[in-house]
Amino acid sequence: MTAHAEQTTPLAVQATPPTRQAAPGTVTNRVGFVLGLADDALVAAQRLAQWCTHGPEMEEDIALSNIALDQLGAARLLLTYAGEMEGAGRDEDALAYQRDDREFRNCLLVELPNGDFAVTMAKLLFLAAYQVPLYTALAGCGDERLAAIGAKARKESAYHLDHASLWVRRLGDGTDESHRRMQAAVDEVWPYTHELLAPDPTAPVDPATLRVDFDSAVSGVLAEATLTVPETSWTPDGGRNGVHTEHLSYLLAELQVLHRAHPGASW
Amino acid sequence: MSTHSEPTGQSGGAPPAPLWEVFVRARRGLAHTHVGSLHAADAELALRNARDLYTRRQEGVSIWVLPTAAITASSPDEKDAFFDPAADKVYRHPTFYEVPEGAAHL
Amino acid sequence: MYGNDFPADDTSGGLLGEVEAAETALREAAERGRRGAAGVNPAAYFAEVIAADQKVEPRDWMPEAYRATLIRQIAQHAHSEIIGMQPEGNWITRAPSLRRKAILLAKVQDEAGHGLYLYAAAETLGVSRDELVDLLLAGRQKYSSIFNYPTLSWADMGTIGWLVDGAAIVNQVPLCRCSYGPYARAMIRICKEESFHQRQGYEILHTLAHGTPAQREMAQDSVNRWWYPSLAMFGPPDTDSTHSAQSMDWKIKRFSNDELRQRFVDMCVGQAEVLGLALPDPALCWNEERGAYDFTQPDYGELMQVIKGAGPCNRQRMEHRRRAHREGAWVRAAAAAYAAKQANQKEQANQKEKAA
């Protein structure tokens, strides 16, 4: 599982992952945080893009593509910024295409397979309910670049939250089949929300402080959708430290295959 | 075309989503203009779909959707009766009036 | 400054200029007005409208054959946009840079939008989108045969933009002047949006052609595979085309298949030179007398085979579309059920209010 001999880049982030022991506000710590946001957006975009031409309605193909484009846009800004802060000369493509899965900092939620439309909407609901308060907080943070990215992305995330909420309500309170599928999706995905809100007091925005907004956004929608949150003590995590599910490596294999086959080429 | 009623067994029995007409206000100061139509199960979805379909390139600042079924249209056969009576009321148009030379701001 | 600044015959602004000109003509035709209604002789009125280069609108009287021709053509066009998402959709997740990924995703999304504009135009003729989709899924209506070829390399994203979208634009620009108003207006919107599609394709090929030897080879191989299928997009030669004459009389169609094909070849030659890529036709050469390029015709036997369903990807494309439709059925049913519940609740609330 760890045969990643390729690409031993000078990776400050990998050498010292953003553990809670790191001093607050260090560059390494901040790069790790920004990479986490960037990878969330990039991996979410890749998953959503996989829906293109497979949507349940042609209109939904367009909507999911829009959301994928938003996430991809945010990922590019964040990766570029992370690369600049790191100072090792890596641009957005070097970071997206030449890191291995152990170097990715995204949460596990976004790398989970798309499943059916209900699973995708559950993932999007939870992701957006996390990203909206996160980007809102960033928009007011002291780091100008992050603040600008946050200000742009929070509007997009608000729309994603709206879109996911709209469908979760319809699927939850639609037919018997859609209710069953939507509840199963929530049951499946819910445990992965724990990682989103895990405390990190050294980060520019401590995810734990987003809990209230996350809960209020999610609980209202689930209640209207006649859905319940599962009772579980299982709280998978590790993404922020580069320990992922088995799914990420496959996702990256597809994302990176062409780029890696032509080292040094421009596109 | 209305003779093709045989089902392909693909649509899963859901009734077809109703048709909505979409009107977009391109900029402040302009009226909403009809831009096309789309399908959606309800108004909320129709509005979202309209946003994604008809304003991908910042074509609008405001959108209306309304059910096509709610539109009552004049028929082409009534065109004379509907619109010709207005044709001789040229006095409704400002160019009907002669403005004396020197009079401004009219 | 790539695909759209090739010289055009009749306007100075290239194909986009032609689209603008068509839009202006549409407005002018509307300005000219038309006093009076169809009255007792709707057929004569229809003929007058066509002769005056004005637009036929949805509730006007029209010959049944005109209606049927338009429905068939617009539906086929809409189906082509929707099925046409697949060959390019095939590379979104593997696009070699994030910039290219964003562009390709936006392009494929545009194609979905164009399909929906066109279905909406067809619906003004009294047919429902569901009927048309059913006809497509049942294999009873066609889509452009070009989409039955596989996209085997990233360079195909470039070639599709350059040649396939290029051929489509040459085909579509005259449709901006189609006599049926909703179709003409949809085509104007589509052609404007598509102007970036061809350019991004040309840019991909230009980058590859000036890249590593492997990239260059990838680009040439792609052009070799797509050249003749692109020529076949204009349909059978005029001598064999069944629908052309009547459609031209009705001003649904403005140029013959062979005229458009020639125009396309003449534009591509110079563009290929700029790319530094060869068009795979040894017989290609300038004919001084005709003022046009002589070229080898595509294999129309192959075209017929592909139209009949025997292309490399016909089955795959159709099964993909059917599966998406089938697997989405429960979602559409849920949306309908939810809408019905909401309408019901509103109705009950209204009645309570009345009673109170």
# chains A, B, ... in the order shown; residues from 1 in each chain; ligands from 1
call {"tool": "select_by_dssp", "arguments": {"residues": "range 104-288 of chain C", "states": "alpha helix (DSSP H)", "output": "PyMOL selection string"}}
result
chain C and resi 104-123+129-137+155-159+165-172+181-209+213-232+244-249+257-275
call {"tool": "closest_atom_pairs", "arguments": {"of": "chain C", "to": "chain A", "cutoff": "7 Å", "atoms": "only C-alpha atoms", "output": "CSV"}}
result
residue,atom,partner,partner_atom,distance
C:Met85,CA,A:Thr53,CA,6.6
C:Gln86,CA,A:Thr53,CA,6.5
C:Gly89,CA,A:Cys52,CA,6.6
C:Thr93,CA,A:Leu255,CA,5.5
C:Arg94,CA,A:Leu255,CA,4.8
C:Pro96,CA,A:His259,CA,4.7
C:Ser97,CA,A:Asp93,CA,6.0
C:Leu98,CA,A:Asp93,CA,6.4
C:Ala102,CA,A:Leu69,CA,6.3
C:Leu105,CA,A:Ser65,CA,6.8
C:Gln109,CA,A:Ile62,CA,5.5
C:Ala112,CA,A:Ile62,CA,6.6
C:Thr207,CA,A:Trp267,CA,6.2
C:Leu208,CA,A:Trp267,CA,6.9
C:Gly211,CA,A:Ser266,CA,6.8
C:Thr212,CA,A:Ala265,CA,6.6
C:Ala324,CA,A:His54,CA,4.9
C:His325,CA,A:Pro56,CA,6.2
C:Glu327,CA,A:Pro56,CA,6.7
C:Gly328,CA,A:Pro56,CA,3.6
C:Ala329,CA,A:Pro56,CA,6.8
C:Trp330,CA,A:Ser178,CA,6.6
C:Val331,CA,A:Pro56,CA,6.4
C:Ala334,CA,A:Gly174,CA,4.3
C:Ala335,CA,A:Arg170,CA,5.7
C:Ala337,CA,A:Gly174,CA,5.2
C:Tyr338,CA,A:Gly174,CA,4.6
call {"tool": "closest_residue", "arguments": {"among": "B:Glu21, B:Asp42, B:Leu53, B:Gly36", "to": "chain A", "atoms": "only C-alpha atoms"}}
result
B:Leu53
call {"tool": "interface_residues", "arguments": {"of": "chain B", "to": "chain A", "cutoff": "9 Å", "atoms": "only C-alpha atoms", "output": "VMD selection string"}}
result
chain B and resid 38 to 40 44 to 45 48 to 49 52 to 53 56
